[in-house]
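This is my_file-v1.cif. It holds mmCIF, C-alpha atoms.
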```
data_my_file
loop_
_atom_site.label_atom_id
_atom_site.label_comp_id
_atom_site.auth_asym_id
_atom_site.auth_seq_id
_atom_site.Cartn_x
_atom_site.Cartn_y
_atom_site.Cartn_z
CA MET L 1 -20.74 0.36 57.42
CA SER L 2 -16.98 0.85 57.53
CA ALA L 3 -15.12 0.82 60.80
CA ARG L 4 -14.46 4.55 60.54
CA ALA L 5 -18.08 5.64 60.43
CA TRP L 6 -19.08 4.88 64.02
CA THR L 7 -20.25 7.98 65.80
CA GLY L 8 -20.87 6.74 69.35
CA MET L 9 -18.56 6.43 72.34
CA ARG L 10 -16.99 9.87 72.00
CA GLY L 11 -15.83 11.34 75.28
CA ILE L 12 -17.31 10.74 78.70
CA ALA L 13 -20.86 11.61 79.71
CA PRO L 14 -21.07 14.03 82.64
CA VAL L 15 -23.88 12.03 84.23
CA PRO L 16 -23.80 8.23 84.58
CA SER L 17 -26.77 5.91 84.40
CA TYR L 18 -25.61 3.82 87.33
CA VAL L 19 -23.03 3.72 90.08
CA ILE L 20 -21.26 0.79 91.68
CA MET L 21 -20.73 0.69 95.41
CA GLN L 22 -18.25 -1.45 97.31
CA PRO L 23 -19.74 -1.90 100.79
CA THR L 24 -16.83 -4.08 101.86
CA THR L 25 -13.62 -5.41 100.40
CA LEU L 26 -14.27 -8.76 102.09
CA CYS L 27 -15.36 -11.87 100.27
CA ASN L 28 -16.05 -15.09 102.13
CA LEU L 29 -14.95 -17.01 99.04
CA ASP L 30 -11.51 -17.22 97.45
CA CYS L 31 -12.21 -18.04 93.83
CA ALA L 32 -9.22 -19.04 91.74
CA TYR L 33 -9.83 -16.45 89.04
CA CYS L 34 -10.77 -13.49 91.26
CA TYR L 35 -9.15 -10.14 90.40
CA LEU L 36 -9.73 -8.42 93.76
CA PRO L 37 -6.57 -7.69 95.76
CA PHE L 38 -8.01 -7.16 99.25
CA ARG L 39 -10.79 -9.72 99.38
CA ALA L 40 -9.49 -11.29 102.59
CA ALA L 41 -9.79 -8.02 104.51
CA ASP L 42 -13.04 -6.72 105.97
CA GLN L 43 -12.77 -3.03 105.21
CA ARG L 44 -16.28 -1.61 105.30
CA MET L 45 -17.57 1.53 103.65
CA PRO L 46 -18.32 4.26 106.19
CA VAL L 47 -21.92 5.50 106.16
CA GLU L 48 -20.76 9.04 105.46
CA VAL L 49 -19.35 7.86 102.13
CA ALA L 50 -22.75 6.45 101.13
CA GLU L 51 -24.46 9.62 102.34
CA SER L 52 -22.19 11.73 100.21
CA VAL L 53 -22.74 9.54 97.14
CA ALA L 54 -26.49 9.60 97.70
CA GLY L 55 -26.34 13.38 97.86
CA THR L 56 -25.36 13.35 94.21
CA VAL L 57 -27.11 10.21 93.01
CA ASN L 58 -30.55 11.17 94.30
CA GLY L 59 -30.36 14.27 92.13
CA TRP L 60 -29.24 12.30 89.11
CA ALA L 61 -32.07 9.83 89.66
CA ARG L 62 -34.63 12.63 89.49
CA LEU L 63 -33.49 13.39 85.94
CA VAL L 64 -34.23 9.98 84.46
CA PRO L 65 -36.94 7.30 84.68
CA ARG L 66 -34.56 4.77 86.22
CA PHE L 67 -31.23 4.97 87.98
CA SER L 68 -29.35 1.98 89.37
CA VAL L 69 -27.15 1.61 92.41
CA VAL L 70 -25.20 -1.63 92.17
CA TRP L 71 -23.78 -3.14 95.34
CA HIS L 72 -20.74 -5.13 94.41
CA GLY L 73 -17.83 -6.46 96.35
CA GLY L 74 -16.02 -8.19 97.71
CA GLU L 75 -19.15 -10.01 98.65
CA PRO L 76 -21.68 -7.30 99.45
CA LEU L 77 -23.66 -9.49 101.82
CA ALA L 78 -20.48 -9.92 103.88
CA ALA L 79 -21.03 -6.32 105.00
CA GLY L 80 -23.95 -7.60 107.06
CA ARG L 81 -27.60 -6.62 106.92
CA ALA L 82 -27.41 -3.86 109.48
CA HIS L 83 -24.52 -2.09 107.80
CA LEU L 84 -25.83 -2.57 104.27
CA ALA L 85 -29.17 -1.16 105.40
CA GLU L 86 -27.38 1.91 106.75
CA LEU L 87 -25.52 2.33 103.47
CA MET L 88 -28.68 2.00 101.37
CA ALA L 89 -30.82 4.23 103.55
CA PRO L 90 -29.68 7.62 102.17
CA PHE L 91 -30.65 6.72 98.60
CA THR L 92 -34.05 7.70 97.26
CA GLY L 93 -35.67 7.16 93.87
CA VAL L 94 -33.12 4.56 92.77
CA GLU L 95 -33.17 0.86 92.01
CA HIS L 96 -30.82 -1.22 94.08
CA HIS L 97 -28.99 -4.17 92.58
CA ILE L 98 -26.74 -6.65 94.26
CA GLN L 99 -24.19 -9.03 92.77
CA THR L 100 -23.63 -11.86 95.20
CA ASN L 101 -22.03 -15.27 95.43
CA ALA L 102 -25.30 -16.41 97.08
CA THR L 103 -23.59 -18.38 99.84
CA LEU L 104 -24.83 -16.13 102.64
CA ILE L 105 -28.43 -15.88 101.47
CA ASP L 106 -30.91 -17.07 104.07
CA ASP L 107 -34.50 -16.23 105.00
CA ALA L 108 -33.47 -13.01 106.70
CA TRP L 109 -31.51 -11.85 103.67
CA CYS L 110 -34.47 -12.67 101.44
CA ALA L 111 -36.70 -10.49 103.59
CA PHE L 112 -34.12 -7.73 103.38
CA LEU L 113 -33.93 -7.98 99.59
CA ALA L 114 -37.69 -8.18 99.12
CA GLU L 115 -38.38 -5.24 101.40
CA ARG L 116 -36.03 -3.03 99.39
CA GLU L 117 -36.96 -4.52 96.00
CA VAL L 118 -33.30 -5.29 95.40
CA ARG L 119 -32.59 -6.93 92.04
CA VAL L 120 -30.38 -9.93 92.49
CA GLY L 121 -27.55 -11.15 90.32
CA LEU L 122 -25.59 -14.15 91.50
CA SER L 123 -22.44 -15.90 90.42
CA ILE L 124 -22.18 -19.59 89.64
CA ASP L 125 -20.22 -21.27 86.89
CA GLY L 126 -22.35 -24.30 86.09
CA PRO L 127 -22.53 -27.82 87.53
CA ALA L 128 -20.25 -28.77 90.44
CA ASP L 129 -17.21 -29.62 88.35
CA LEU L 130 -17.43 -26.33 86.47
CA THR L 131 -17.97 -24.32 89.66
CA ALA L 132 -15.00 -25.99 91.35
CA GLN L 133 -12.91 -22.81 91.20
CA ARG L 134 -15.35 -21.11 93.52
CA VAL L 135 -14.03 -22.18 96.91
CA ASN L 136 -14.24 -20.92 100.46
CA ARG L 137 -11.35 -19.62 102.54
CA GLY L 138 -10.47 -23.19 103.48
CA GLY L 139 -10.24 -24.20 99.85
CA ARG L 140 -13.41 -26.28 99.98
CA PRO L 141 -15.94 -26.11 97.16
CA ALA L 142 -18.65 -23.53 97.69
CA TYR L 143 -21.02 -25.19 95.26
CA GLN L 144 -23.50 -26.59 97.76
CA GLN L 145 -23.60 -23.32 99.71
CA ILE L 146 -24.37 -21.50 96.46
CA LEU L 147 -27.17 -23.92 95.61
CA ASP L 148 -28.59 -23.59 99.12
CA GLY L 149 -28.69 -19.82 98.73
CA ILE L 150 -30.38 -20.09 95.37
CA ALA L 151 -32.93 -22.51 96.76
CA THR L 152 -33.75 -19.98 99.46
CA LEU L 153 -34.21 -17.25 96.87
CA ARG L 154 -36.54 -19.49 94.90
CA ARG L 155 -38.51 -20.42 97.98
CA HIS L 156 -39.11 -16.74 98.59
CA GLY L 157 -40.04 -16.10 94.95
CA ILE L 158 -37.17 -13.69 94.39
CA PRO L 159 -36.12 -13.68 90.74
CA PHE L 160 -32.43 -13.68 89.96
CA ALA L 161 -30.02 -13.30 87.11
CA ALA L 162 -26.80 -15.27 86.93
CA LEU L 163 -23.25 -14.61 85.88
CA CYS L 164 -21.12 -17.55 84.81
CA VAL L 165 -17.36 -17.45 84.44
CA VAL L 166 -16.03 -19.76 81.73
CA SER L 167 -12.32 -20.41 82.05
CA ASP L 168 -11.88 -22.65 79.03
CA PRO L 169 -14.44 -21.98 76.30
CA ARG L 170 -14.48 -24.96 73.99
CA PRO L 171 -16.81 -27.15 71.97
CA GLY L 172 -19.01 -29.44 73.99
CA LEU L 173 -19.35 -27.14 76.97
CA ALA L 174 -22.04 -24.63 76.09
CA ALA L 175 -25.01 -26.95 75.75
CA ARG L 176 -24.31 -28.47 79.14
CA LEU L 177 -23.96 -25.06 80.73
CA TYR L 178 -27.16 -23.74 79.23
CA ALA L 179 -29.12 -26.79 80.33
CA PHE L 180 -27.82 -26.26 83.86
CA PHE L 181 -29.00 -22.66 83.97
CA LEU L 182 -32.40 -23.56 82.57
CA GLU L 183 -32.77 -25.93 85.49
CA LEU L 184 -31.40 -23.38 87.96
CA GLY L 185 -34.26 -21.02 87.22
CA CYS L 186 -32.50 -17.75 86.47
CA TYR L 187 -34.36 -15.31 84.23
CA ALA L 188 -31.20 -14.00 82.62
CA LEU L 189 -27.66 -15.22 82.14
CA GLY L 190 -24.36 -13.58 81.32
CA ILE L 191 -21.26 -15.48 80.33
CA ASN L 192 -17.93 -13.98 81.37
CA VAL L 193 -15.02 -15.69 79.70
CA GLU L 194 -12.27 -15.48 82.31
CA GLU L 195 -10.22 -12.30 82.00
CA ARG L 196 -6.60 -11.65 82.84
CA GLU L 197 -6.89 -8.69 85.18
CA GLY L 198 -6.14 -7.63 88.68
CA VAL L 199 -4.36 -10.29 90.67
CA ASN L 200 -5.52 -12.96 88.23
CA THR L 201 -2.61 -13.39 85.81
CA ARG L 202 -3.66 -16.69 84.27
CA ASP L 203 -3.34 -17.00 80.52
CA THR L 204 -6.56 -16.20 78.69
CA GLY L 205 -5.31 -16.65 75.14
CA HIS L 206 -7.57 -19.34 73.71
CA ALA L 207 -7.70 -20.71 70.19
CA ALA L 208 -10.20 -18.61 68.26
CA ALA L 209 -11.79 -21.65 66.61
CA ALA L 210 -12.57 -23.24 69.97
CA VAL L 211 -14.07 -20.05 71.36
CA ARG L 212 -16.17 -19.48 68.26
CA ALA L 213 -17.42 -23.05 68.48
CA PHE L 214 -18.38 -22.46 72.10
CA TRP L 215 -20.45 -19.41 71.21
CA ALA L 216 -22.01 -21.14 68.20
CA GLU L 217 -23.04 -24.03 70.40
CA LEU L 218 -24.49 -21.66 72.97
CA THR L 219 -26.48 -19.97 70.23
CA ALA L 220 -27.91 -23.32 69.19
CA ALA L 221 -28.81 -24.16 72.78
CA TRP L 222 -30.58 -20.84 73.29
CA ARG L 223 -32.38 -21.18 70.00
CA ALA L 224 -33.72 -24.57 71.01
CA ASP L 225 -35.12 -23.24 74.30
CA PRO L 226 -34.92 -19.44 74.63
CA ARG L 227 -36.48 -19.17 78.08
CA ILE L 228 -33.43 -17.47 79.52
CA GLU L 229 -32.44 -14.01 78.44
CA LEU L 230 -28.92 -14.76 77.32
CA ARG L 231 -26.88 -11.57 77.43
CA GLU L 232 -24.14 -12.27 74.92
CA ILE L 233 -26.17 -14.14 72.32
CA GLU L 234 -29.11 -11.76 72.36
CA TRP L 235 -26.86 -8.72 72.24
CA ALA L 236 -25.07 -10.19 69.24
CA LEU L 237 -28.38 -10.88 67.54
CA ARG L 238 -29.59 -7.40 68.27
CA TYR L 239 -26.43 -6.01 66.71
CA ALA L 240 -26.63 -8.30 63.69
CA GLY L 241 -30.21 -7.28 63.02
CA ALA L 242 -29.34 -3.62 63.32
CA ALA L 243 -26.33 -4.07 61.03
CA LEU L 244 -28.50 -5.59 58.34
CA ALA L 245 -31.05 -2.81 58.80
CA GLY L 246 -28.34 -0.14 58.66
CA THR L 247 -29.17 1.13 62.14
CA ASP L 248 -26.20 -0.35 64.00
CA ASP L 249 -24.59 3.03 64.60
CA ASP L 250 -27.50 3.84 66.87
CA LEU L 251 -26.68 1.06 69.33
CA LEU L 252 -23.60 2.50 70.97
CA PRO L 253 -24.09 5.29 73.49
CA ARG L 254 -23.12 8.72 72.23
CA HIS L 255 -20.71 9.14 75.13
CA LEU L 256 -19.06 6.61 77.40
CA ASP L 257 -20.91 6.07 80.61
CA PRO L 258 -18.43 7.02 83.35
CA ILE L 259 -19.61 4.10 85.55
CA PRO L 260 -18.40 5.58 88.83
CA VAL L 261 -17.19 2.94 91.23
CA ILE L 262 -17.06 4.09 94.82
CA ALA L 263 -14.54 1.98 96.62
CA GLN L 264 -14.96 1.12 100.27
CA ASP L 265 -12.80 4.08 101.32
CA GLY L 266 -14.61 6.61 99.13
CA ARG L 267 -12.15 6.66 96.25
CA VAL L 268 -13.94 7.09 92.95
CA VAL L 269 -12.65 5.09 89.99
CA LEU L 270 -14.31 5.66 86.65
CA LEU L 271 -14.90 3.37 83.67
CA SER L 272 -13.51 0.09 84.97
CA PRO L 273 -14.35 -1.19 88.45
CA GLU L 274 -11.55 -3.72 88.16
CA LEU L 275 -8.99 -0.94 88.53
CA ALA L 276 -10.16 -0.01 92.02
CA GLY L 277 -7.62 -0.97 94.65
CA PHE L 278 -4.60 -1.01 92.33
CA THR L 279 -1.75 1.43 91.93
CA ASP L 280 0.78 1.96 89.19
CA PRO L 281 3.89 4.14 89.13
CA ARG L 282 2.62 5.89 85.99
CA TYR L 283 -1.07 6.16 86.80
CA GLY L 284 -1.24 6.32 90.59
CA ASP L 285 -4.31 4.73 92.17
CA PHE L 286 -6.57 5.31 89.12
CA ALA L 287 -8.93 7.32 91.32
CA SER L 288 -10.43 10.54 90.00
CA GLY L 289 -11.29 11.84 93.43
CA ARG L 290 -12.65 10.84 96.77
CA VAL L 291 -15.96 11.27 98.48
CA PRO L 292 -16.94 12.88 100.77
CA ASP L 293 -13.94 15.18 100.24
CA THR L 294 -15.35 16.14 96.85
CA PRO L 295 -18.97 15.59 95.77
CA LEU L 296 -19.39 12.80 93.24
CA ASP L 297 -21.00 15.01 90.62
CA GLU L 298 -18.02 17.36 90.72
CA ILE L 299 -15.60 14.48 90.31
CA VAL L 300 -17.42 13.08 87.29
CA ALA L 301 -18.06 16.45 85.68
CA ALA L 302 -14.42 17.43 85.98
CA VAL L 303 -13.23 14.28 84.25
CA ALA L 304 -15.87 14.57 81.53
CA ALA L 305 -14.84 18.15 80.83
CA ARG L 306 -11.09 17.62 80.99
CA PRO L 307 -9.97 13.99 80.77
CA ALA L 308 -6.41 13.60 81.92
CA GLY L 309 -3.92 10.92 82.88
CA TRP L 310 -4.93 7.36 82.22
CA ILE L 311 -8.43 8.36 81.20
CA ALA L 312 -7.13 10.58 78.41
CA GLU L 313 -4.88 7.73 77.32
CA TYR L 314 -7.85 5.37 77.37
CA LEU L 315 -9.93 7.72 75.23
CA SER L 316 -7.14 7.76 72.67
CA GLY L 317 -7.25 3.98 72.79
CA VAL L 318 -10.97 4.05 72.07
CA GLU L 319 -10.26 6.20 69.03
CA ALA L 320 -7.61 3.71 67.91
CA CYS L 321 -10.20 0.93 68.14
CA ARG L 322 -12.67 3.04 66.20
CA ALA L 323 -10.10 3.61 63.45
CA GLN L 324 -8.81 0.07 63.21
CA CYS L 325 -11.34 -2.51 64.28
CA PRO L 326 -14.31 -3.63 62.19
CA TYR L 327 -16.00 -4.84 65.37
CA PHE L 328 -16.02 -1.41 67.02
CA GLY L 329 -19.73 -0.96 66.34
CA PHE L 330 -20.41 -4.14 68.24
CA CYS L 331 -18.29 -3.52 71.32
CA GLY L 332 -17.41 0.19 71.46
CA GLY L 333 -13.73 -0.44 72.07
CA ALA L 334 -11.71 -2.59 74.44
CA HIS L 335 -12.45 -2.07 78.12
CA ALA L 336 -10.01 0.01 80.12
CA ALA L 337 -9.10 -2.68 82.64
CA ASN L 338 -8.47 -5.27 79.94
CA ARG L 339 -6.14 -2.90 78.12
CA TYR L 340 -4.24 -2.06 81.28
CA PHE L 341 -3.86 -5.55 82.68
CA GLU L 342 -3.02 -7.09 79.30
CA HIS L 343 -0.97 -4.31 77.70
CA GLY L 344 0.26 -2.32 80.67
CA ARG L 345 -1.27 0.84 79.24
CA PHE L 346 -4.59 2.18 77.99
CA ASP L 347 -4.02 3.14 74.38
CA GLY L 348 -3.46 -0.33 73.01
CA THR L 349 -6.31 -1.90 71.16
CA GLN L 350 -7.26 -5.54 70.78
CA THR L 351 -7.13 -7.68 73.92
CA ASP L 352 -7.76 -11.31 74.78
CA HIS L 353 -11.09 -10.13 76.12
CA CYS L 354 -11.91 -8.59 72.75
CA ARG L 355 -11.03 -11.81 70.99
CA ASN L 356 -12.77 -14.17 73.40
CA SER L 357 -15.87 -12.22 74.34
CA LYS L 358 -16.61 -9.92 71.41
CA ILE L 359 -15.04 -11.02 68.13
CA SER L 360 -15.39 -14.76 68.60
CA LEU L 361 -18.83 -14.22 70.11
CA LEU L 362 -20.18 -12.38 67.09
CA GLU L 363 -18.45 -14.73 64.69
CA GLY L 364 -19.71 -17.76 66.59
CA VAL L 365 -23.29 -16.54 66.40
CA LEU L 366 -22.84 -15.91 62.68
CA ASP L 367 -21.23 -19.35 62.30
CA HIS L 368 -24.31 -20.90 63.81
CA ALA L 369 -26.54 -18.97 61.43
CA ARG L 370 -24.46 -20.09 58.45
CA GLN L 371 -24.63 -23.73 59.52
CA ARG L 372 -28.40 -23.86 59.44
CA MET Q 373 1.85 -5.36 72.43
CA PRO Q 374 -0.37 -7.86 70.63
CA ASP Q 375 -2.47 -5.25 68.88
CA ASN Q 376 -4.62 -6.74 66.20
CA ALA Q 377 -2.27 -9.64 65.60
CA ASP Q 378 -5.28 -11.87 65.45
CA ARG Q 379 -7.42 -9.64 63.28
CA PRO Q 380 -9.74 -11.76 61.19
CA ALA Q 381 -9.72 -11.64 57.42
CA GLY Q 382 -12.04 -9.24 55.70
CA ASP Q 383 -10.91 -6.25 57.73
CA GLY Q 384 -12.67 -3.08 56.70
CA GLY Q 385 -15.68 -4.78 55.18
CA PRO Q 386 -18.98 -5.36 56.91
CA VAL Q 387 -18.79 -7.90 59.71
CA VAL Q 388 -22.41 -8.93 59.30
CA THR Q 389 -23.62 -9.91 55.87
CA PRO Q 390 -27.07 -11.10 54.84
CA SER Q 391 -27.85 -14.77 54.60
CA ALA Q 392 -30.94 -16.91 54.73
CA GLY Q 393 -29.71 -18.57 57.89
CA LEU Q 394 -29.15 -15.28 59.67
CA SER Q 395 -32.51 -13.92 58.60
CA ALA Q 396 -34.22 -16.99 60.00
CA LEU Q 397 -32.33 -16.73 63.27
CA LEU Q 398 -33.16 -13.04 63.64
CA ALA Q 399 -36.82 -13.70 62.92
CA GLU Q 400 -36.89 -16.33 65.65
CA ALA Q 401 -35.18 -13.96 68.07
CA GLN Q 402 -37.76 -11.30 67.34
CA GLU Q 403 -40.52 -13.78 68.08
CA VAL Q 404 -38.87 -14.58 71.40
CA TRP Q 405 -38.66 -10.93 72.34
CA VAL Q 406 -42.28 -10.25 71.38
CA ALA Q 407 -43.44 -13.27 73.35
CA ARG Q 408 -41.34 -12.25 76.33
CA ALA Q 409 -42.95 -8.81 76.39
CA ARG Q 410 -46.43 -10.30 75.91
CA ASP Q 411 -45.88 -12.71 78.77
CA ALA Q 412 -44.78 -9.89 81.01
CA ASP Q 413 -47.91 -7.94 80.05
CA GLU Q 414 -50.11 -10.87 80.93
CA ARG Q 415 -48.37 -11.50 84.22
CA ARG Q 416 -48.65 -7.84 85.06
CA LEU Q 417 -52.37 -7.84 84.36
CA ALA Q 418 -52.75 -10.87 86.59
CA ASP Q 419 -50.61 -9.50 89.40
CA PRO Q 420 -49.38 -5.91 88.99
CA ALA Q 421 -47.44 -6.10 92.22
CA GLN Q 422 -45.22 -8.86 90.88
CA VAL Q 423 -44.32 -7.39 87.50
CA PRO Q 424 -43.13 -3.80 87.28
CA ALA Q 425 -44.48 -1.66 84.47
CA HIS Q 426 -41.14 -1.37 82.73
CA ALA Q 427 -40.92 -5.14 82.36
CA ALA Q 428 -43.76 -5.01 79.90
CA ALA Q 429 -42.75 -1.80 78.22
CA ARG Q 430 -42.00 -2.99 74.71
CA PRO Q 431 -41.18 -6.07 72.73
CA GLY Q 432 -37.51 -6.67 72.25
CA TRP Q 433 -34.59 -5.99 74.45
CA ARG Q 434 -35.16 -6.06 78.18
CA PRO Q 435 -34.43 -2.67 79.72
CA PHE Q 436 -30.77 -2.37 80.52
CA GLU Q 437 -31.44 -1.93 84.20
CA ASP Q 438 -33.21 -5.27 84.40
CA ALA Q 439 -30.69 -7.31 82.56
CA PHE Q 440 -27.69 -7.36 84.85
CA PRO Q 441 -26.15 -5.38 87.62
CA THR Q 442 -22.85 -6.07 85.97
CA PHE Q 443 -23.77 -5.53 82.36
CA TYR Q 444 -20.88 -3.07 82.22
CA GLN Q 445 -18.61 -6.05 82.01
CA PHE Q 446 -20.01 -6.69 78.59
CA THR Q 447 -20.62 -3.29 77.11
CA ASN Q 448 -20.35 0.21 78.45
CA ARG Q 449 -23.97 1.24 78.11
CA PRO Q 450 -26.29 -0.16 75.47
CA ARG Q 451 -28.94 2.25 74.24
#
```
Translate the structure of the given file into structure tokens.
Amino acid sequence: MSARAWTGMRGIAPVPSYVIMQPTTLCNLDCAYCYLPFRAADQRMPVEVAESVAGTVNGWARLVPRFSVVWHGGEPLAAGRAHLAELMAPFTGVEHHIQTNATLIDDAWCAFLAEREVRVGLSIDGPADLTAQRVNRGGRPAYQQILDGIATLRRHGIPFAALCVVSDPRPGLAARLYAFFLELGCYALGINVEEREGVNTRDTGHAAAAVRAFWAELTAAWRADPRIELREIEWALRYAGAALAGTDDDLLPRHLDPIPVIAQDGRVVLLSPELAGFTDPRYGDFASGRVPDTPLDEIVAAVAARPAGWIAEYLSGVEACRAQCPYFGFCGGAHAANRYFEHGRFDGTQTDHCRNSKISLLEGVLDHARQR
Amino acid sequence: MPDNADRPAGDGGPVVTPSAGLSALLAEAQEVWVARARDADERRLADPAQVPAHAAARPGWRPFEDAFPTFYQFTNRPR
């Protein structure tokens, strides 16, 4: 299929399939690669913001078999159990997810999570030397605290997925990482190659050959012991199989999911959570509205019907990707935040993130297949 | 702006082309996905409270909602 034939990812859907909530800006860690600007401040989401969001989301959830509410941060557990319980309480008929650094997890948190059937994703970057960039506010490694939290989850029988940030993808790393996560006991794993966004301005331009070799090695490791659902590798395989079957155009959503992010103060940022909390002379604060001043469904519907400002610019960027990039069917176009933080605008196309986490990924998986 | 400066060769042609190695890899992946769904079915029969119905829904890709809270970081919304 040529790059110009892709039919998905046109415009923004008026109803999302999930929302992301920021219960607090605070994080008890101070990871070297973090993009969040206000993670040292404990600014908590007022309950009336959650009530307003739930007023919309509960209706959306009735329309579909499953609807997710993702509690992200900062560190969401830093909001405290009592406050998080108040924020979750207005939601009905949804599945709650939490993405946590795991350091605060104890028996009481496990009871909280189990009672609400919260799905847990946690962040750890591999063995101690590879997780060394995850440090507390005193600059001390958080590794043991993370492991302690994970051990508590396991003791309570709470399954968890893991996200792993890789700052320097290179040959020789992937097999060690995968072995670590097999031992850790996660049921699923996602690999985030470090991105240059937010307040993280570190260079992310890696040699393509090294990154491809990393992904090829990870493919081999998964193939040897596929107990973990490995997000990137399995998604690439799914795409490759569909491409060979001629059904790859069916994989992308017809419209972009708006992915509403509700910041702690009620501001609603669509499409890229990483933009929340930033301002730009050209684009303002990237927010499309604010709850409870305006209901969430009205905010999303208005943008879907009449994209303007940076979102209109981003949609033109998606079309540029569609027209130019042979990998569009695999990724659906560069993410908004990556475009902005790498290019300074939204209508550019290929980013470091594209190269590291999409193009080299797919090519690395194919490299592995060719080597066998 | 570094647009497409690093575009790989073969632009415009298919990114994925058939090969014996790829076919073998895809066949193994399919076996993994079928086994994963079968295992979930069996665990659900043994203890319905521990395995939700959707976990055993079909062989293949785990439902999006189960995979990751932050799957958006990888792709907007897989179907």
message: Given the PyMOL selection byres ((chain L and resi 359) around 10) and the file above, list the residues it selects as an MDAnalysis selection string.
response: (chainID L and resid 208 211:212 326:328 330:331 350 352:358 360:364) or (chainID Q and resid 379:380 387)
List as an mmCIF file with C-alpha atoms, in the coordinates of the input the protein and nucleic acid residues near Arg116 of chain L, meaning an atom at most 12 Å away when all atoms listed in the file are counted, but skip any in the same chain fewer than 6 places from it.
```
data_model
loop_
_atom_site.group_PDB
_atom_site.id
_atom_site.type_symbol
_atom_site.label_atom_id
_atom_site.label_comp_id
_atom_site.auth_asym_id
_atom_site.auth_seq_id
_atom_site.Cartn_x
_atom_site.Cartn_y
_atom_site.Cartn_z
ATOM 1 C CA ARG L 81 -27.600 -6.620 106.920
ATOM 2 C CA LEU L 84 -25.830 -2.570 104.270
ATOM 3 C CA ALA L 85 -29.170 -1.160 105.400
ATOM 4 C CA MET L 88 -28.680 2.000 101.370
ATOM 5 C CA ALA L 89 -30.820 4.230 103.550
ATOM 6 C CA PHE L 91 -30.650 6.720 98.600
ATOM 7 C CA THR L 92 -34.050 7.700 97.260
ATOM 8 C CA GLY L 93 -35.670 7.160 93.870
ATOM 9 C CA VAL L 94 -33.120 4.560 92.770
ATOM 10 C CA GLU L 95 -33.170 0.860 92.010
ATOM 11 C CA HIS L 96 -30.820 -1.220 94.080
ATOM 12 C CA HIS L 97 -28.990 -4.170 92.580
ATOM 13 C CA ILE L 98 -26.740 -6.650 94.260
ATOM 14 C CA TRP L 109 -31.510 -11.850 103.670
ATOM 15 C CA CYS L 110 -34.470 -12.670 101.440
ATOM 16 C CA ILE L 158 -37.170 -13.690 94.390
#
```
task: Using only C-alpha atoms, collect all residues at a distance of at most 10 Å from (-35.1, -13.5, 87.9) as written in the file, then present them as a VMD selection string.
output: (chain L and resid 119 to 121 153 to 154 157 to 162 185 to 189 228 to 229) or (chain Q and resid 438 to 439)
message: Measuring between all atoms listed in the file, which one of L:Leu244, L:Asn58, L:Leu296, L:Leu237 shows the shortest distance to Pro386 of chain Q?
response: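 Using all atoms listed in the file, Pro386 of chain Q sits closest to L:Leu244.
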- prompt: Any idea what's packed within 12 Å of Asn192 of chain L, counting only C-alpha atoms, ignoring anything in its chain fewer than 2 positions away? Could you give it as a count of residues only?
  reply: 34
query: Could you tell me, as JSON, numbers by chain, which residues have any atom at most 8 Å from (-32.7, -20.5, 64.7), counting all atoms listed in the file?
result: {"L": [220, 223, 224, 369, 372], "Q": [393, 396, 397, 398, 400, 401]}
Writing out the chosen residues with C-alpha atoms as a PDB file, in the frame of the given file:
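Once everything was written out, this is selection28.pdb:
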```
ATOM      1  CA  ALA L 220     -27.910 -23.320  69.190  1.00  0.00           C
ATOM      2  CA  ARG L 223     -32.380 -21.180  70.000  1.00  0.00           C
ATOM      3  CA  ALA L 224     -33.720 -24.570  71.010  1.00  0.00           C
ATOM      4  CA  ALA L 369     -26.540 -18.970  61.430  1.00  0.00           C
ATOM      5  CA  ARG L 372     -28.400 -23.860  59.440  1.00  0.00           C
TER       6      ARG L 372
ATOM      7  CA  GLY Q 393     -29.710 -18.570  57.890  1.00  0.00           C
ATOM      8  CA  ALA Q 396     -34.220 -16.990  60.000  1.00  0.00           C
ATOM      9  CA  LEU Q 397     -32.330 -16.730  63.270  1.00  0.00           C
ATOM     10  CA  LEU Q 398     -33.160 -13.040  63.640  1.00  0.00           C
ATOM     11  CA  GLU Q 400     -36.890 -16.330  65.650  1.00  0.00           C
ATOM     12  CA  ALA Q 401     -35.180 -13.960  68.070  1.00  0.00           C
TER      13      ALA Q 401
END
```
query: atom CA of Gly11 of chain L and atom CA of Leu315 of chain L are how many Å apart?
result: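 Spanning atom CA of Gly11 of chain L to atom CA of Leu315 of chain L is a straight-line distance of 6.9 Å.
Put simply, atom CA of Asp297 of chain L is 15.7 Å away from atom CA of Ala263 of chain L.
The set of residues that the PyMOL selection byres ((chain L and resi 64) around 12) takes from this file is Val15, Pro16, Ser17, Tyr18, Val57, Asn58, Gly59, Trp60, Ala61, Arg62, Leu63, Pro65, Arg66, Phe67, Ser68, Gly93, Val94 and Glu95 of chain L.
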- prompt: To one decimal place, how far is atom CA of Gly317 of chain L from atom CA of Ala305 of chain L in Å?
  reply: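 Value for the atom CA of Gly317 of chain L-atom CA of Ala305 of chain L distance: 18.0 Å.
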field: Contacts of Ala174 of chain L within 9 Å, all atoms listed in the file, excl. fewer than 3 positions in-chain, as a PyMOL selection string
entry: chain L and resi 169-171+177-179+214-219+221
Nearby residues (all atoms listed in the file) at most 7 Å from segment 140-151 of chain L, same-chain spacing under 6 positions excluded, as a VMD selection string: chain L and resid 101 to 106 128 131 to 132 134
message: Please determine, counting all atoms listed in the file, which residue among Q:Asp411, Q:Val406, Q:Ala392, Q:Leu417 has the shortest atom-to-atom distance to chain L.
response: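 Looking only at the distances to chain L, the closest residue turns out to be Q:Ala392.
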